[in-house]
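Undergrad: Encoded as structure tokens, here's the structure I'll be asking about.
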Amino acid sequence: MTQHQKTKIIRVLLIEDNPGDARLFREMLVETRRIPFDLEWVDRLSTGLKRLDDGDIDCVLLDLSLPDTQGLDTFATTHAKAPQVPIIVLTGLDDERVALEAVRMGAQDFLVKEEVDGNLLLHAIRYAVERMRAEKALRKSEEKFRLAFENAGDAIFWADPETGLITKCNKAAETLLDKNRDEIIGQCQTTIHPPDKTEYYAKIFKKHIKTKGAVDQEAEVITKYGKIIPVRVTASVTMVGEKLLIQGIFRDISERKQAEEELRKINQELENFVHVVSHDLKTSIITVQGFSARLLKNYQEKLGKRGRLYLEQIKTSAYRMETFVFNLLALSRAGLTVSAFKNASSLEIVKKVTSDLGDRLKENGTELIVADNLPTIYCDGERIYQVFQNLLVNAIKYMGDAKSPAIEIGYQDKGDLHQFYVRDNGIGIDPKYHKKIFETFRRLKETKDQEGTGLGLAIIEKIINSHGGKVWVESEKGKGATFYFTLKKSS
Ligand code: ADP
């Protein structure tokens, strides 16, 4: 920033061959005293042009009739020399027409010498300078926008909402579709999508314009050579000037999709493996349990006290293994549907779970509170039974030595979602473990004395995710725990 910009001095260059007029202008400016001016006077165009070359001039007052040039040429030459500097043309009463022509050619304003006074001059200069500054700022921000649009990493398309025709796109759009701009602009926006889905995308486009809401969804585009590319589209309807336009930003998500597919395959293989192994293990455990039972029954005497003790230990271990394998199998199947999705009363499911767990609840003298607003839900009933069962078993298991143990099952309507919760007043969970406890085989040190496999919450999460919901816990150590889960409402 130069010194005069900091102190807001306006540097005016007066190109005027008449010394009397020049003096007059200087006096007018001095008299107004409202803005600090620095007036430089030259009496020839050639000197004026040289001065403009040196820069730092905010405004030119230009007499069109000079010894070395006349009329519009004077303006054209000056304007060409410094197109960014505003020029105010000075004219006589008789050549207003020429002055007007100069304004048409780009002069900021004109002043008739015979009519001008201090205020008029001041106003004209300030206006010319400010307008030029505003234009400069606008040009700068337009250029910034143009560069951001053109060089954005994502493909951007503009389309006319009325006709659906693409009106503008950027470099990344050309790369995405393997087409040049001429092949994209003027085409219907549906042409960027695979032809067999034209109707689908046309419908989305129309709906989007009608609702004027933002779109954020996955889609597919087709390149010039027929390659289908998965994309994430964010679109919005915007007013640019007087015109409405629809802007779509397309991000290529091929890599992410590929990684997701690979992950899905690996998970599938892992699940198959777990399923097969646990299934085989289950058969072996049943054999161990069967033969130990027979041994105990038929060879009691021969085994003696020690032998019976050993067998009891084998039985306990086999039982533990059975629970573990049962849970492993449950986990490997948790994402799969057991019973078909249908409308079911969540109250009935909860009633069944609590009645099946009745003995354990009674044993601990636990008070059970079930909300009366549990709704009908669209779900795989057996899976949701499993969710409530695991949550209740945990609530009972991790009650600690609460004086009046209580478990509450509740519900909140969350618009598009059902939200359930199971609350206990047991030992609680330190917030730093709130995410970890949902991992497979994750058990907390402080609860290791309780029977468990560390799979219960992992199973719940898998089931809830396959129902389009989420599960989380809110708790503090020693202050009980509330497990929440949501289910998508759908029919
Ligand atoms: P498991 O109960 O077999 O250990 P889970 O996956 O069901 O496995 O639970 C993981 C861990 O989360 C438990 O070991 C326990 O430390 C903690 N936890 C689960 N539910 C509760 C609860 N209601 N109160 C306190 N801690 C809990």
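Going through the structure tokens in order, the chains are called A, B, and so on, while each chain numbers its residues from 1 and the ligands are numbered from 1 in the order shown.
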Around ligand 1, at most 8 Å away and counting only C-alpha atoms and all ligand atoms, which residues are there? Put them as a PyMOL selection string, please.
TA: chain A and resi 390-399+423-424+426-429+437-448+450-459+480-483
Undergrad: Stretch 190-376 of chain A: which residues are helix (DSSP H, G or I) by DSSP, as a count of residues only?
TA: 116
Undergrad: To test your reading of the structure, identify every residue in stretch 245-440 of chain A that backbone DSSP assigns to strand (DSSP E), and report it as a ChimeraX atom specification.
TA: /A:245-252,342-345,367-370,376-379,406-414,417-424
Undergrad: May I have the residues within 8 Å of A:Ser346 as a VMD selection string, using only C-alpha atoms and disregarding those fewer than 6 positions away in the same chain?
TA: chain A and resid 374 to 377
Undergrad: Would you write out those residues with N, CA and C atoms, as a JSON list (two decimals), in the first residue's frame?
TA:
[["chain", "number", "residue", "atom", "x", "y", "z"],
["A", 374, "LEU", "N", -44.61, -47.88, 23.89],
["A", 374, "LEU", "CA", -43.75, -48.61, 22.94],
["A", 374, "LEU", "C", -44.55, -48.88, 21.65],
["A", 375, "PRO", "N", -44.03, -48.46, 20.49],
["A", 375, "PRO", "CA", -44.84, -48.46, 19.27],
["A", 375, "PRO", "C", -44.74, -49.76, 18.46],
["A", 376, "THR", "N", -45.49, -49.79, 17.40],
["A", 376, "THR", "CA", -45.36, -50.86, 16.41],
["A", 376, "THR", "C", -44.15, -50.49, 15.55],
["A", 377, "ILE", "N", -43.31, -51.47, 15.28],
["A", 377, "ILE", "CA", -42.10, -51.17, 14.49],
["A", 377, "ILE", "C", -42.00, -52.15, 13.33]]
Undergrad: Residues at most 10 Å from stretch 487-491 of chain A, counting only C-alpha atoms, excluding those fewer than 6 positions away in the same chain, as a ChimeraX atom specification?
TA: /A:341-343,376-379,384,413-420,464-471
Undergrad: What's the 10 Å shell around A:Glu322, counting only C-alpha atoms, without same-chain residues fewer than 6 positions away, as a ChimeraX atom specification?
TA: /A:278,281-286,289,316,328
Undergrad: Would you put the residues from that selection into a file with all heavy atoms, as a short mmCIF file (atom, residue, chain, number, x, y, z; two decimals), in the first residue's frame?
TA:
data_model
loop_
_atom_site.label_atom_id
_atom_site.label_comp_id
_atom_site.auth_asym_id
_atom_site.auth_seq_id
_atom_site.Cartn_x
_atom_site.Cartn_y
_atom_site.Cartn_z
N SER A 278 -17.16 -71.96 14.03
CA SER A 278 -17.96 -72.10 15.24
C SER A 278 -18.97 -73.23 15.11
O SER A 278 -19.30 -73.90 16.09
CB SER A 278 -18.63 -70.78 15.61
OG SER A 278 -19.08 -70.11 14.50
N LEU A 281 -17.03 -76.33 15.82
CA LEU A 281 -16.71 -76.37 17.26
C LEU A 281 -17.93 -76.82 18.06
O LEU A 281 -17.81 -77.59 19.00
CB LEU A 281 -16.29 -74.97 17.74
CG LEU A 281 -14.80 -74.64 17.61
CD1 LEU A 281 -14.57 -73.20 18.04
CD2 LEU A 281 -13.98 -75.56 18.50
N LYS A 282 -19.08 -76.28 17.65
CA LYS A 282 -20.31 -76.60 18.36
C LYS A 282 -20.53 -78.12 18.38
O LYS A 282 -20.86 -78.71 19.43
CB LYS A 282 -21.49 -75.92 17.65
CG LYS A 282 -22.68 -75.73 18.53
CD LYS A 282 -23.66 -74.81 17.85
CE LYS A 282 -25.03 -75.40 17.86
NZ LYS A 282 -25.96 -74.68 17.04
N THR A 283 -20.33 -78.75 17.23
CA THR A 283 -20.51 -80.21 17.14
C THR A 283 -19.55 -80.90 18.11
O THR A 283 -19.95 -81.83 18.83
CB THR A 283 -20.20 -80.67 15.69
OG1 THR A 283 -20.72 -79.69 14.80
CG2 THR A 283 -20.81 -82.01 15.40
N SER A 284 -18.29 -80.46 18.13
CA SER A 284 -17.32 -81.10 19.02
C SER A 284 -17.71 -80.90 20.48
O SER A 284 -17.58 -81.82 21.30
CB SER A 284 -15.93 -80.52 18.81
OG SER A 284 -15.63 -80.54 17.45
N ILE A 285 -18.19 -79.70 20.81
CA ILE A 285 -18.56 -79.44 22.21
C ILE A 285 -19.71 -80.35 22.63
O ILE A 285 -19.71 -80.92 23.73
CB ILE A 285 -18.97 -77.96 22.40
CG1 ILE A 285 -17.75 -77.06 22.16
CG2 ILE A 285 -19.49 -77.71 23.81
CD1 ILE A 285 -18.11 -75.62 21.98
N ILE A 286 -20.68 -80.49 21.72
CA ILE A 286 -21.83 -81.35 22.04
C ILE A 286 -21.33 -82.78 22.33
O ILE A 286 -21.76 -83.44 23.28
CB ILE A 286 -22.87 -81.34 20.89
CG1 ILE A 286 -23.54 -79.94 20.87
CG2 ILE A 286 -23.91 -82.42 21.06
CD1 ILE A 286 -24.41 -79.68 19.67
N GLN A 289 -19.73 -82.79 25.72
CA GLN A 289 -20.77 -82.74 26.76
C GLN A 289 -21.49 -84.08 26.87
O GLN A 289 -21.71 -84.60 27.97
CB GLN A 289 -21.78 -81.64 26.44
CG GLN A 289 -21.26 -80.27 26.78
CD GLN A 289 -22.20 -79.18 26.30
OE1 GLN A 289 -22.88 -79.34 25.29
NE2 GLN A 289 -22.19 -78.07 27.00
N THR A 316 -18.07 -77.72 33.02
CA THR A 316 -18.15 -76.26 33.14
C THR A 316 -17.46 -75.59 31.96
O THR A 316 -17.98 -74.65 31.35
CB THR A 316 -17.47 -75.79 34.46
OG1 THR A 316 -17.90 -76.65 35.50
CG2 THR A 316 -17.79 -74.35 34.77
N LEU A 328 -20.56 -66.37 19.11
CA LEU A 328 -19.80 -66.19 17.86
C LEU A 328 -20.72 -66.43 16.66
O LEU A 328 -20.72 -65.66 15.69
CB LEU A 328 -18.66 -67.20 17.79
CG LEU A 328 -17.26 -66.70 18.09
CD1 LEU A 328 -16.26 -67.79 17.76
CD2 LEU A 328 -16.92 -65.45 17.30
#
Undergrad: List as a compact mmCIF listing (two decimals) with all heavy atoms, in the first residue's frame the protein and nucleic acid residues near stretch 233-235 of chain A, meaning an atom at most 12 Å away when only C-alpha atoms are counted, but skip any in the same chain fewer than 3 places from it.
TA:
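Result file follows (out01.txt):
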# COMPACT_ATOMS: atom_id res chain seq x y z
N ASP A 154 -13.47 -30.87 -7.76
CA ASP A 154 -14.70 -31.59 -8.11
C ASP A 154 -15.27 -31.03 -9.41
O ASP A 154 -15.08 -29.86 -9.72
CB ASP A 154 -15.75 -31.40 -7.00
CG ASP A 154 -15.32 -32.07 -5.71
OD1 ASP A 154 -14.54 -33.03 -5.78
OD2 ASP A 154 -15.77 -31.63 -4.64
N ALA A 155 -15.98 -31.90 -10.11
CA ALA A 155 -16.62 -31.45 -11.36
C ALA A 155 -17.83 -30.59 -11.00
O ALA A 155 -18.61 -30.97 -10.14
CB ALA A 155 -17.06 -32.66 -12.16
N ILE A 156 -17.96 -29.43 -11.65
CA ILE A 156 -19.12 -28.56 -11.39
C ILE A 156 -19.87 -28.32 -12.70
O ILE A 156 -19.27 -28.01 -13.73
CB ILE A 156 -18.70 -27.20 -10.79
CG1 ILE A 156 -17.78 -27.41 -9.58
CG2 ILE A 156 -19.92 -26.39 -10.38
CD1 ILE A 156 -17.26 -26.12 -8.96
N PHE A 157 -21.18 -28.52 -12.63
CA PHE A 157 -22.04 -28.26 -13.79
C PHE A 157 -23.10 -27.25 -13.38
O PHE A 157 -23.63 -27.31 -12.28
CB PHE A 157 -22.77 -29.54 -14.22
CG PHE A 157 -21.87 -30.66 -14.64
CD1 PHE A 157 -21.40 -31.58 -13.70
CD2 PHE A 157 -21.48 -30.81 -15.97
CE1 PHE A 157 -20.58 -32.62 -14.09
CE2 PHE A 157 -20.66 -31.86 -16.36
CZ PHE A 157 -20.20 -32.76 -15.41
N TRP A 158 -23.41 -26.32 -14.29
CA TRP A 158 -24.57 -25.44 -14.11
C TRP A 158 -25.59 -25.83 -15.17
O TRP A 158 -25.20 -26.10 -16.31
CB TRP A 158 -24.19 -23.97 -14.33
CG TRP A 158 -23.46 -23.35 -13.17
CD1 TRP A 158 -23.02 -23.99 -12.05
CD2 TRP A 158 -23.10 -21.97 -13.03
NE1 TRP A 158 -22.40 -23.11 -11.22
CE2 TRP A 158 -22.43 -21.84 -11.79
CE3 TRP A 158 -23.28 -20.83 -13.80
CZ2 TRP A 158 -21.93 -20.65 -11.32
CZ3 TRP A 158 -22.78 -19.63 -13.34
CH2 TRP A 158 -22.12 -19.54 -12.10
N ALA A 159 -26.84 -25.87 -14.76
CA ALA A 159 -27.87 -26.17 -15.75
C ALA A 159 -29.03 -25.21 -15.59
O ALA A 159 -29.28 -24.68 -14.50
CB ALA A 159 -28.35 -27.60 -15.58
N HIS A 193 -25.62 -38.92 -17.20
CA HIS A 193 -25.90 -40.14 -16.45
C HIS A 193 -26.10 -41.31 -17.43
O HIS A 193 -26.38 -41.10 -18.60
CB HIS A 193 -27.16 -39.97 -15.59
CG HIS A 193 -27.04 -38.84 -14.61
ND1 HIS A 193 -26.18 -38.88 -13.55
CD2 HIS A 193 -27.66 -37.63 -14.54
CE1 HIS A 193 -26.28 -37.75 -12.85
NE2 HIS A 193 -27.16 -36.97 -13.44
N TYR A 201 -33.05 -39.91 -13.24
CA TYR A 201 -32.34 -38.66 -12.95
C TYR A 201 -33.17 -37.43 -13.35
O TYR A 201 -33.09 -36.39 -12.70
CB TYR A 201 -30.96 -38.65 -13.61
CG TYR A 201 -30.00 -39.56 -12.90
CD1 TYR A 201 -29.55 -40.74 -13.49
CD2 TYR A 201 -29.58 -39.27 -11.61
CE1 TYR A 201 -28.69 -41.60 -12.81
CE2 TYR A 201 -28.73 -40.12 -10.92
CZ TYR A 201 -28.29 -41.28 -11.53
OH TYR A 201 -27.46 -42.12 -10.84
N ILE A 204 -35.46 -36.79 -10.44
CA ILE A 204 -34.75 -36.16 -9.31
C ILE A 204 -34.53 -34.69 -9.61
O ILE A 204 -34.74 -33.81 -8.76
CB ILE A 204 -33.39 -36.86 -9.06
CG1 ILE A 204 -33.65 -38.27 -8.55
CG2 ILE A 204 -32.55 -36.07 -8.07
CD1 ILE A 204 -32.41 -39.00 -8.14
N PHE A 205 -34.10 -34.38 -10.84
CA PHE A 205 -33.82 -33.01 -11.28
C PHE A 205 -35.07 -32.15 -11.10
O PHE A 205 -35.04 -31.08 -10.51
CB PHE A 205 -33.37 -33.05 -12.74
CG PHE A 205 -32.88 -31.74 -13.27
CD1 PHE A 205 -31.60 -31.30 -12.98
CD2 PHE A 205 -33.67 -30.96 -14.09
CE1 PHE A 205 -31.13 -30.09 -13.49
CE2 PHE A 205 -33.22 -29.76 -14.60
CZ PHE A 205 -31.93 -29.33 -14.31
N LYS A 207 -37.75 -32.77 -9.26
CA LYS A 207 -38.16 -32.68 -7.85
C LYS A 207 -37.29 -31.65 -7.12
O LYS A 207 -37.78 -30.85 -6.32
CB LYS A 207 -37.98 -34.07 -7.20
CG LYS A 207 -38.65 -34.16 -5.85
CD LYS A 207 -38.59 -35.57 -5.34
CE LYS A 207 -38.56 -35.56 -3.81
NZ LYS A 207 -37.93 -36.71 -3.25
N HIS A 208 -36.02 -31.69 -7.47
CA HIS A 208 -35.06 -30.79 -6.84
C HIS A 208 -35.42 -29.32 -7.13
O HIS A 208 -35.40 -28.47 -6.24
CB HIS A 208 -33.68 -31.13 -7.38
CG HIS A 208 -32.59 -30.27 -6.87
ND1 HIS A 208 -32.54 -29.86 -5.56
CD2 HIS A 208 -31.51 -29.74 -7.47
CE1 HIS A 208 -31.49 -29.11 -5.39
NE2 HIS A 208 -30.84 -29.01 -6.53
N ILE A 209 -35.79 -29.04 -8.37
CA ILE A 209 -36.15 -27.67 -8.74
C ILE A 209 -37.43 -27.25 -8.03
O ILE A 209 -37.54 -26.14 -7.54
CB ILE A 209 -36.33 -27.56 -10.27
CG1 ILE A 209 -34.99 -27.78 -10.94
CG2 ILE A 209 -36.90 -26.21 -10.66
CD1 ILE A 209 -35.09 -28.18 -12.36
N LYS A 212 -36.63 -26.91 -4.34
CA LYS A 212 -35.48 -26.00 -4.15
C LYS A 212 -34.59 -26.42 -2.98
O LYS A 212 -33.80 -25.64 -2.46
CB LYS A 212 -35.93 -24.55 -3.97
CG LYS A 212 -36.52 -23.96 -5.22
CD LYS A 212 -36.46 -22.44 -5.16
CE LYS A 212 -36.95 -21.81 -6.43
NZ LYS A 212 -38.35 -22.01 -6.72
N GLY A 213 -34.77 -27.65 -2.54
CA GLY A 213 -33.95 -28.16 -1.43
C GLY A 213 -32.60 -28.59 -1.95
O GLY A 213 -32.38 -28.69 -3.15
N ALA A 214 -31.67 -28.84 -1.02
CA ALA A 214 -30.34 -29.28 -1.44
C ALA A 214 -30.36 -30.79 -1.65
O ALA A 214 -31.08 -31.51 -0.98
CB ALA A 214 -29.34 -28.90 -0.38
N VAL A 215 -29.57 -31.24 -2.62
CA VAL A 215 -29.46 -32.67 -2.89
C VAL A 215 -28.07 -33.11 -2.47
O VAL A 215 -27.10 -32.42 -2.70
CB VAL A 215 -29.66 -32.96 -4.40
CG1 VAL A 215 -29.14 -34.34 -4.76
CG2 VAL A 215 -31.11 -32.84 -4.78
N ASP A 216 -28.01 -34.24 -1.79
CA ASP A 216 -26.71 -34.80 -1.45
C ASP A 216 -26.88 -36.30 -1.52
O ASP A 216 -27.43 -36.90 -0.61
CB ASP A 216 -26.32 -34.34 -0.03
CG ASP A 216 -24.92 -34.80 0.33
OD1 ASP A 216 -24.25 -35.37 -0.53
OD2 ASP A 216 -24.52 -34.59 1.50
N GLN A 217 -26.47 -36.88 -2.63
CA GLN A 217 -26.71 -38.30 -2.79
C GLN A 217 -25.68 -38.93 -3.73
O GLN A 217 -24.96 -38.23 -4.43
CB GLN A 217 -28.11 -38.52 -3.34
CG GLN A 217 -28.30 -38.05 -4.78
CD GLN A 217 -29.61 -38.53 -5.35
OE1 GLN A 217 -30.65 -38.02 -4.97
NE2 GLN A 217 -29.57 -39.50 -6.25
N GLU A 218 -25.64 -40.26 -3.71
CA GLU A 218 -24.74 -40.93 -4.63
C GLU A 218 -25.45 -41.11 -5.96
O GLU A 218 -26.67 -41.25 -6.02
CB GLU A 218 -24.33 -42.28 -4.04
CG GLU A 218 -23.39 -42.07 -2.87
CD GLU A 218 -22.78 -43.35 -2.34
OE1 GLU A 218 -23.02 -44.42 -2.91
OE2 GLU A 218 -22.05 -43.25 -1.34
N ALA A 219 -24.65 -41.08 -7.03
CA ALA A 219 -25.23 -41.25 -8.36
C ALA A 219 -24.16 -41.85 -9.27
O ALA A 219 -23.06 -42.18 -8.80
CB ALA A 219 -25.68 -39.89 -8.90
N GLU A 220 -24.51 -41.99 -10.55
CA GLU A 220 -23.53 -42.50 -11.50
C GLU A 220 -23.47 -41.58 -12.70
O GLU A 220 -24.50 -41.04 -13.12
CB GLU A 220 -23.96 -43.90 -11.97
CG GLU A 220 -23.70 -44.98 -10.95
CD GLU A 220 -24.26 -46.32 -11.40
OE1 GLU A 220 -25.13 -46.35 -12.30
OE2 GLU A 220 -23.82 -47.33 -10.84
N VAL A 221 -22.26 -41.40 -13.26
CA VAL A 221 -22.17 -40.67 -14.52
C VAL A 221 -21.55 -41.60 -15.56
O VAL A 221 -20.94 -42.61 -15.22
CB VAL A 221 -21.31 -39.39 -14.40
CG1 VAL A 221 -21.98 -38.38 -13.51
CG2 VAL A 221 -19.91 -39.68 -13.93
N PRO A 230 -19.03 -44.00 -10.28
CA PRO A 230 -19.87 -43.59 -9.15
C PRO A 230 -19.45 -42.22 -8.62
O PRO A 230 -18.25 -41.93 -8.54
CB PRO A 230 -19.60 -44.68 -8.10
CG PRO A 230 -18.26 -45.23 -8.45
CD PRO A 230 -18.05 -45.03 -9.92
N THR A 238 -29.72 -22.00 -7.24
CA THR A 238 -29.22 -20.69 -6.82
C THR A 238 -29.65 -19.61 -7.81
O THR A 238 -29.82 -19.88 -8.99
CB THR A 238 -27.66 -20.68 -6.85
OG1 THR A 238 -27.19 -22.01 -6.78
CG2 THR A 238 -27.09 -19.88 -5.73
N LEU A 245 -30.45 -20.90 -11.43
CA LEU A 245 -29.71 -22.00 -12.04
C LEU A 245 -29.51 -23.11 -11.04
O LEU A 245 -29.60 -22.91 -9.83
CB LEU A 245 -28.37 -21.52 -12.62
CG LEU A 245 -27.26 -21.06 -11.69
CD1 LEU A 245 -26.46 -22.22 -11.17
CD2 LEU A 245 -26.35 -20.14 -12.47
N ILE A 246 -29.27 -24.28 -11.57
CA ILE A 246 -29.05 -25.42 -10.70
C ILE A 246 -27.58 -25.80 -10.82
O ILE A 246 -27.05 -25.92 -11.92
CB ILE A 246 -30.03 -26.56 -11.07
CG1 ILE A 246 -29.89 -27.74 -10.14
CG2 ILE A 246 -29.88 -27.02 -12.47
CD1 ILE A 246 -31.12 -28.63 -10.19
N GLN A 247 -26.93 -25.88 -9.65
CA GLN A 247 -25.50 -26.20 -9.67
C GLN A 247 -25.29 -27.58 -9.06
O GLN A 247 -25.75 -27.86 -7.96
CB GLN A 247 -24.71 -25.16 -8.87
CG GLN A 247 -23.26 -25.57 -8.65
CD GLN A 247 -22.43 -24.48 -8.03
OE1 GLN A 247 -21.93 -23.61 -8.71
NE2 GLN A 247 -22.27 -24.53 -6.72
N GLY A 248 -24.59 -28.42 -9.78
CA GLY A 248 -24.28 -29.76 -9.26
C GLY A 248 -22.79 -29.92 -9.11
O GLY A 248 -22.03 -29.61 -10.04
N ILE A 249 -22.37 -30.34 -7.92
CA ILE A 249 -20.95 -30.62 -7.70
C ILE A 249 -20.80 -32.13 -7.61
O ILE A 249 -21.44 -32.78 -6.79
CB ILE A 249 -20.45 -29.93 -6.41
CG1 ILE A 249 -20.71 -28.44 -6.51
CG2 ILE A 249 -18.97 -30.20 -6.19
CD1 ILE A 249 -20.37 -27.66 -5.26
N PHE A 250 -19.97 -32.69 -8.48
CA PHE A 250 -19.84 -34.15 -8.58
C PHE A 250 -18.45 -34.57 -8.12
O PHE A 250 -17.46 -34.10 -8.67
CB PHE A 250 -20.02 -34.60 -10.04
CG PHE A 250 -21.42 -34.46 -10.57
CD1 PHE A 250 -22.10 -33.26 -10.51
CD2 PHE A 250 -22.06 -35.56 -11.13
CE1 PHE A 250 -23.38 -33.14 -10.99
CE2 PHE A 250 -23.35 -35.45 -11.63
CZ PHE A 250 -24.01 -34.24 -11.56
N ARG A 251 -18.42 -35.44 -7.13
CA ARG A 251 -17.12 -35.96 -6.66
C ARG A 251 -16.99 -37.44 -7.04
O ARG A 251 -17.88 -38.24 -6.73
CB ARG A 251 -17.01 -35.80 -5.14
CG ARG A 251 -15.77 -36.47 -4.57
CD ARG A 251 -15.48 -35.96 -3.21
NE ARG A 251 -15.15 -34.54 -3.26
CZ ARG A 251 -14.81 -33.84 -2.19
NH1 ARG A 251 -14.79 -34.40 -1.01
NH2 ARG A 251 -14.50 -32.57 -2.30
N ASP A 252 -15.89 -37.75 -7.71
CA ASP A 252 -15.63 -39.13 -8.12
C ASP A 252 -15.36 -39.97 -6.87
O ASP A 252 -14.45 -39.68 -6.09
CB ASP A 252 -14.38 -39.12 -9.03
CG ASP A 252 -14.09 -40.49 -9.59
OD1 ASP A 252 -14.59 -41.49 -9.04
OD2 ASP A 252 -13.35 -40.58 -10.61
N ILE A 253 -16.18 -41.01 -6.64
CA ILE A 253 -15.98 -41.83 -5.44
C ILE A 253 -15.61 -43.27 -5.82
O ILE A 253 -15.84 -44.19 -5.03
CB ILE A 253 -17.21 -41.79 -4.50
CG1 ILE A 253 -18.50 -42.12 -5.25
CG2 ILE A 253 -17.33 -40.48 -3.79
CD1 ILE A 253 -19.69 -42.37 -4.34
Undergrad: Could you check how far atom CA of A:Val89 sits from atom CA of A:Cys59, in Å to one decimal?
TA: 10.7 Å
Undergrad: Tell me, in Å to one decimal, how far atom CA of A:Val277 is from atom CA of A:Asn327.
TA: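 Distance reported for this atom pair: 12.7 Å.
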Undergrad: Find the spatial neighbours of stretch 173-185 of chain A, counting only C-alpha atoms, within a cut-off of 7 Å - ignore same-chain residues fewer than 3 positions away - and output them as a ChimeraX atom specification.
TA: /A:155-156,166-170,222-224
Undergrad: With N, CA, C and O atoms retained, write the just-selected residues as a CSV table (one decimal), in the first residue's frame.
TA:
chain,number,residue,atom,x,y,z
A,155,ALA,N,-16.0,-31.9,-10.1
A,155,ALA,CA,-16.6,-31.5,-11.4
A,155,ALA,C,-17.8,-30.6,-11.0
A,155,ALA,O,-18.6,-31.0,-10.1
A,156,ILE,N,-18.0,-29.4,-11.7
A,156,ILE,CA,-19.1,-28.6,-11.4
A,156,ILE,C,-19.9,-28.3,-12.7
A,156,ILE,O,-19.3,-28.0,-13.7
A,166,ILE,N,-27.3,-28.0,-19.9
A,166,ILE,CA,-26.1,-27.6,-19.2
A,166,ILE,C,-25.6,-26.2,-19.8
A,166,ILE,O,-25.4,-26.1,-21.0
A,167,THR,N,-25.3,-25.3,-18.9
A,167,THR,CA,-24.9,-23.9,-19.4
A,167,THR,C,-23.4,-23.6,-19.1
A,167,THR,O,-22.8,-22.8,-19.7
A,168,LYS,N,-22.8,-24.4,-18.2
A,168,LYS,CA,-21.4,-24.1,-17.8
A,168,LYS,C,-20.9,-25.3,-17.1
A,168,LYS,O,-21.6,-26.0,-16.4
A,169,CYS,N,-19.6,-25.5,-17.3
A,169,CYS,CA,-18.9,-26.6,-16.5
A,169,CYS,C,-17.4,-26.2,-16.4
A,169,CYS,O,-16.9,-25.3,-17.0
A,170,ASN,N,-16.7,-27.0,-15.5
A,170,ASN,CA,-15.3,-26.6,-15.3
A,170,ASN,C,-14.4,-27.7,-15.8
A,170,ASN,O,-14.9,-28.7,-16.4
A,222,ILE,N,-21.7,-41.2,-16.8
A,222,ILE,CA,-21.2,-42.1,-17.9
A,222,ILE,C,-20.2,-41.2,-18.7
A,222,ILE,O,-20.5,-40.1,-19.0
A,223,THR,N,-19.0,-41.8,-19.0
A,223,THR,CA,-18.0,-41.0,-19.8
A,223,THR,C,-18.3,-41.1,-21.3
A,223,THR,O,-19.2,-41.9,-21.7
A,224,LYS,N,-17.6,-40.4,-22.0
A,224,LYS,CA,-17.7,-40.4,-23.5
A,224,LYS,C,-17.6,-41.8,-24.0
A,224,LYS,O,-18.2,-42.2,-25.0
Undergrad: Compare A:Lys197, A:Thr91, A:Glu261, A:Ala128 by their minimum atom-to-atom distance to A:Val112, counting only C-alpha atoms, and give me the closest one.
TA: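 Among the listed residues, A:Thr91 lies closest to A:Val112.
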Undergrad: Rounded to one decimal in Å, what is the spacing between atom CA of A:Tyr319 and atom CA of A:Glu269?
TA: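 These atoms are spaced 27.7 Å apart.
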